[in-house]
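A short worksheet on the structure shown next.
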Amino acid sequence: MSDHFSLADCDVMGFDLDHTLCRYRLQESSKLIYDSFAQYLVAEKGYKEDLLCVTSEDWDFCFKGLVMDLEEGNFLKLAADGTILRACHGTKMMTAEMIEEIYGEKREWKHFKTINGTYARSAKYYFYDNYFDLPGALLCAKIVDSLEMTDGQKKYDFWKDVISAIEHNYKTTAFKENCGIYFPAVKKDPSKYLKSCPESLKNWISSLKNSGKTLVLITSSHSDYCRLLCEHILGKEFEELFDIIITNALKPGFFSLTPQQRPFWTLDNDVEIDMLPSLEKAGWYSQGNWVHLYDLLKKMTGKPEPKVVYFGDSMRSDIFSARHYSNWETVLILEELEGGEVQEPAVPDFGSSLNKKGKYDSLSVQENDSISKKWGSYFADFIAEAKSSQDTPNLTWCCSSIRNYSTIAIPSITAIVDLPLDFKFTRFSDSNTDIDGYFPRPPAILLSQSSEGAAA
């Protein structure tokens, strides 16, 4: 495999919608998502009203890449090998002693081998890997806090209620029925929650199609919500930009459920009408699977093995699945590459362990709201309160996954729209360094590690 990647070499350009083509105002959308779940739990499931109270400091808990251990009520930040770097019980930070009491001296999470390389769901844990998920992490943490304060509870069975809240607000009929809190609020004032789409991005999409690329939109959002988003960011004629639109794709199952794949459905007024044994022509469809889509792409491109690149923001639903099952090229949209993570990182706050001289010399102190004070860097971290001295931070499991399953990672699509189509990106590969693959610049904490390694 070449060490470089070019969009010019791809026949098909596939796009996720939410947090990929459509960017959200995270502060407003996160509050709306949290409220939509919390109000349901209070009104319908009898949870205490203090769940509705969220302070500005509480939002610092929201951190992409956490795993919730449902058996213990703990939230874990994992290293690439599954070692627990930091942990919270509810919203309360756990000390090294607390972590080792539950997970052993080696701080190994017993389910890591199951989730690593599969991203499988389980009744015993949940992986938070996208911005729609993160308010739910804060909600679950506050539920654990509440249960601890009132009942001293050690077994946690609230997850079924959280699932009910998610299904109530996001079910496929919720948009049309105007039920729940989330969809009615976005329908009433889209601009409050959605960022405007730059003309440069619209022009770039048009230029891709004009250059002969086949364009595909694949989103798990239902068709009515997809239409609202696309009309708002791309205009009323957005359908002309894409050859194929697939809604309610139910990713990652769209990629992973083979050979028992879901069929495609035709739509009439946002209702699934006819089940299709195969996909024969371009158009707008619901559900489906990548195998039947790829068969159509062969016909449309006239190539026996058309090269596909897929842009998405979710490691589990988009990047891992498209690479692992379909062997597509993948471009990860990673907003963590904006702001604080590509500047000088903040020194982690581990209390007394900061007294170990030389341990943090490579990291300069800088306050930046885009980095969680509770969880630190998304890409690398020291083991909190480690007994032995550490010279360099450990790569996080999320960072390792990026390198394993992404072709490149960019902060947004707008970061590449002004580049020529044949621009050669350095891809993630075994022959390249840990910082290659990030465009336009790598995270500062990885850059400092790479510099130290070169100097050594």
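Residues are referred to by chain and number: the chain letter is A, B, ... according to the order shown in the structure tokens, the number counts from 1 in that chain, and ligands are numbered separately from 1 in the order shown.
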- Residue contacts of Lys171 (chain A) (12 Å, only C-alpha atoms) excluding same-chain residues fewer than 4 positions away, as a ChimeraX atom specification: /A:163-167,175-183,220-222,224-225,248,250
- Task: Could you please write out, as an NGL selection string, every residue of region 100-195 of chain A that DSSP assigns to alpha helix (DSSP H)?
- Result: :A and (100-103 or 112-115 or 134-151 or 159-170 or 174-177 or 182-188 or 190-193)
- Message: Please determine, counting only C-alpha atoms, which residue among A:Lys187, A:Arg23, A:Lys77, A:Lys31 has the shortest atom-to-atom distance to Leu395 (chain A).
- Response: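 For Leu395 (chain A), the nearest of the given residues is A:Lys77.
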- Item | Members of region 3-239 of chain A assigned strand (DSSP E or B) by DSSP, as a PyMOL selection string | chain A and resi 4-5+12-15+18+22+24+67-69+74-79+83-89+92-93+108+125-127+194+214-218
- Query: Between A:Val309, A:Ala282, A:Leu41, A:Met98, which is the closest to Val331 (chain A) once you count only C-alpha atoms?
  - Reply: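 Of all the options, A:Val309 lies closest to Val331 (chain A).
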- Message: Need to verify the contact set: Trp397 (chain A), 8 Å, only C-alpha atoms, exclusion of same-chain residues closer than 2 positions in sequence. Can you return it as a list in words?
- Response: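 Contacts, in chain order: Leu78, Ala79, Ala80, Asp81, Gly82, Leu395, Cys399, Ser400 and Ser401 of chain A.
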- With a distance cut-off of 8 Å and only C-alpha atoms, select the neighbouring residues of Tyr285 (chain A), excluding the residue or stretch itself and same-chain residues fewer than 4 positions from it, and output the selection as a VMD selection string. chain A and resid 244 to 247 264 to 267
Please produce, as CSV, a per-residue contact table for region 89-159 of chain A versus region 54-58 of chain A (criterion: any atom at most 10 Å away, only C-alpha atoms considered), showing the nearest atom pair and its distance in Å to one decimal, sorted by chain then residue number.
```
residue,atom,partner,partner_atom,distance
A:Thr91,CA,A:Asp58,CA,8.5
A:Leu138,CA,A:Asp58,CA,7.6
A:Leu139,CA,A:Val54,CA,9.4
A:Lys142,CA,A:Val54,CA,9.3
```
- Hey, which of A:Leu208, A:Ala87, A:Ala415, A:Ala380 ends up closest to Tyr103 (chain A)? Count only C-alpha atoms.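 Among A:Leu208, A:Ala87, A:Ala415, A:Ala380, it is A:Ala87 that comes nearest to Tyr103 (chain A).
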